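**Student:** Just dropping this structure here.
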Amino acid sequence: MPELPEVEAARRLADRVLAGRRLERVRAARDSLVFDGASPRSVSRALTGRTVTGTDRHGKQFWLVMDRGPCPIFHFGMTGSLVLLSDGEPSPRFWKLELRADCGARVAIINKRRLGRIRLAEDPRRSPHLSRLGFDPYLDLPSPRPFREALARRKAPVKAVLLDQSFAAGVGNWIADEVLYQAGIAPFRRACDLAPEEIETLRRRLRSVLKKAVSVDADSDRFPRSWLFHSRWGRVAGARTGRGEAIEFLTVGGRTTAWVPSAQE
DNA sequence: CTCAGTGTTCAGTG
DNA sequence: TCACTGAACACTGA
């Protein structure tokens, strides 16, 4: 589930539970892939006893801001999430990092397929994995002109550009498909060929889809029934939207792409 | 058994 | 050097 809205929901949960709290106990799993080479002991030692002063996010990366020392930066990959643990509950399956705050609250980062990463950085925004990201479309959506100009420079399919994290950080596969569907733009069209009005519609849909998804804590059951989201999964032949429109599947930008030919051109 | 998959990175190409 | 593409990565579940 981890695109911008899901990550923002995780950040808010972490903020609610951990902000202002001292980390009393920190356990890191033995997983040098997810920890990018760092040992469980070094991670635990760097965080134990520190106080979480806040949280922050850019695109699909979020982190805990610490009173001193390095901040843990989380990236969920395809299958990561943050879960709240109740008192005495055993560590969940696929847990990678477990934090217990001084108030007793427990939180775990889990990751089933290990494509996510947990890294430590003194200054997250300057760390190499964040410094190359483009604008965060929820926090800092460019105004119409710079947005249009940025797209006009790109020859790749518009969907591939939306997925490019150095363009817009946080847009993933379902958001790109959703926004293009709602904007009435076919995913394979080159970004530089779009008309100015199409680009502005795209920009507005990007804003509204993110705003709505974040406002319901990324709980997809609460996404509007009109969204393509509800019928795009599984690559089912003959799939239709809630409005009865036929859905087609293609590969664009290396990803499975759901689109509605009768509504997108 | 095979394959797709909500993500990123890196090698190869033009 | 740049923009872009496609494969690789890891592993579960259909």
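FYI, nothing fancy with the structure tokens labels: chains A, B, ... in order, residues from 1 per chain, ligands from 1 as they appear.
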Up to 9 Å from chain B, what residues of chain A turn up? Count only C-alpha atoms (C1' of nucleotides) and give them as JSON, numbers by chain.

**Tutor:** {"A": [1, 2, 3, 76, 77, 78, 79, 115, 116, 172, 173, 174, 234, 256]}

**Student:** Would you save the residues from that selection as a PDB file, in the first residue's frame, using N, CA and C atoms?

**Tutor:**
ATOM      1  N   MET A   1       0.789  -1.225   0.000  1.00  0.00           N
ATOM      2  CA  MET A   1       0.000   0.000   0.000  1.00  0.00           C
ATOM      3  C   MET A   1       0.821   1.275   0.000  1.00  0.00           C
ATOM      4  N   PRO A   2       2.099   1.166  -0.138  1.00  0.00           N
ATOM      5  CA  PRO A   2       2.864   2.358   0.202  1.00  0.00           C
ATOM      6  C   PRO A   2       3.131   3.338  -0.917  1.00  0.00           C
ATOM      7  N   GLU A   3       2.185   4.177  -1.229  1.00  0.00           N
ATOM      8  CA  GLU A   3       2.448   5.356  -2.046  1.00  0.00           C
ATOM      9  C   GLU A   3       2.277   6.545  -1.096  1.00  0.00           C
ATOM     10  N   PHE A  76       9.124   2.065   2.559  1.00  0.00           N
ATOM     11  CA  PHE A  76       8.387   0.809   2.660  1.00  0.00           C
ATOM     12  C   PHE A  76       8.571  -0.154   1.493  1.00  0.00           C
ATOM     13  N   GLY A  77       9.132   0.314   0.379  1.00  0.00           N
ATOM     14  CA  GLY A  77       9.211  -0.583  -0.769  1.00  0.00           C
ATOM     15  C   GLY A  77       7.806  -0.979  -1.187  1.00  0.00           C
ATOM     16  N   MET A  78       7.625  -2.228  -1.611  1.00  0.00           N
ATOM     17  CA  MET A  78       6.302  -2.660  -2.083  1.00  0.00           C
ATOM     18  C   MET A  78       5.408  -3.117  -0.943  1.00  0.00           C
ATOM     19  N   THR A  79       5.999  -3.542   0.142  1.00  0.00           N
ATOM     20  CA  THR A  79       5.197  -4.280   1.130  1.00  0.00           C
ATOM     21  C   THR A  79       5.423  -3.864   2.574  1.00  0.00           C
ATOM     22  N   LEU A 115      11.924  -5.268   0.074  1.00  0.00           N
ATOM     23  CA  LEU A 115      12.404  -4.276  -0.884  1.00  0.00           C
ATOM     24  C   LEU A 115      12.466  -2.894  -0.243  1.00  0.00           C
ATOM     25  N   GLY A 116      11.996  -2.772   0.986  1.00  0.00           N
ATOM     26  CA  GLY A 116      12.049  -1.498   1.694  1.00  0.00           C
ATOM     27  C   GLY A 116      13.404  -1.300   2.360  1.00  0.00           C
ATOM     28  N   GLY A 172       2.942   6.762  -7.129  1.00  0.00           N
ATOM     29  CA  GLY A 172       3.209   5.369  -7.476  1.00  0.00           C
ATOM     30  C   GLY A 172       2.222   4.893  -8.522  1.00  0.00           C
ATOM     31  N   ASN A 173       2.214   3.586  -8.711  1.00  0.00           N
ATOM     32  CA  ASN A 173       1.457   3.035  -9.834  1.00  0.00           C
ATOM     33  C   ASN A 173      -0.045   3.321  -9.790  1.00  0.00           C
ATOM     34  N   TRP A 174      -0.677   3.116  -8.662  1.00  0.00           N
ATOM     35  CA  TRP A 174      -2.139   3.336  -8.681  1.00  0.00           C
ATOM     36  C   TRP A 174      -2.490   4.814  -8.766  1.00  0.00           C
ATOM     37  N   GLY A 234      -5.567  -6.842 -10.263  1.00  0.00           N
ATOM     38  CA  GLY A 234      -5.644  -8.219 -10.716  1.00  0.00           C
ATOM     39  C   GLY A 234      -5.595  -8.424 -12.212  1.00  0.00           C
ATOM     40  N   THR A 256       2.474  -2.358 -14.874  1.00  0.00           N
ATOM     41  CA  THR A 256       1.120  -2.655 -15.302  1.00  0.00           C
ATOM     42  C   THR A 256       0.298  -1.377 -15.187  1.00  0.00           C
TER      43      THR A 256
END

**Student:** Could you find all residues in region 91-141 of chain A that DSSP calls strand (DSSP E or B) from the backbone, and write them as a list in words?

**Tutor:**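 So, restricting region 91-141 of chain A to strand (DSSP E or B), we get Trp95, Lys96, Leu97, Glu98, Leu99, Arg100, Ala101, Arg106, Val107, Ala108, Ile109, Ile110, Asn111, Arg117, Ile118, Arg119, Leu120, Ala121 and Phe135 of chain A.
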
**Student:** Please, which residues of chain C lie no more than 9 Å from chain A when the count uses only C-alpha atoms (C1' of nucleotides), and can they be set out as an MDAnalysis selection string?

**Tutor:** chainID C and resid 3:6 9:12

**Student:** Pick out each residue of region 15-211 of chain A that DSSP on the backbone tags as helix (DSSP H, G or I); I need them as number ranges by chain.

**Tutor:** A: 15-18, 40-47, 124-126, 128-131, 144-152, 158-163, 173-183, 191-193, 196-211

**Student:** Identify, on the basis of only C-alpha atoms (C1' of nucleotides), every residue whose closest approach to region 57-64 of chain A does not exceed 8 Å; exclude the query and any residue fewer than 3 positions from it along the same chain; express the result as number ranges by chain.

**Tutor:** A: 2-4, 7-8, 11, 52-54, 71-76, 124, 130, 133, 135-137, 165, 168-171
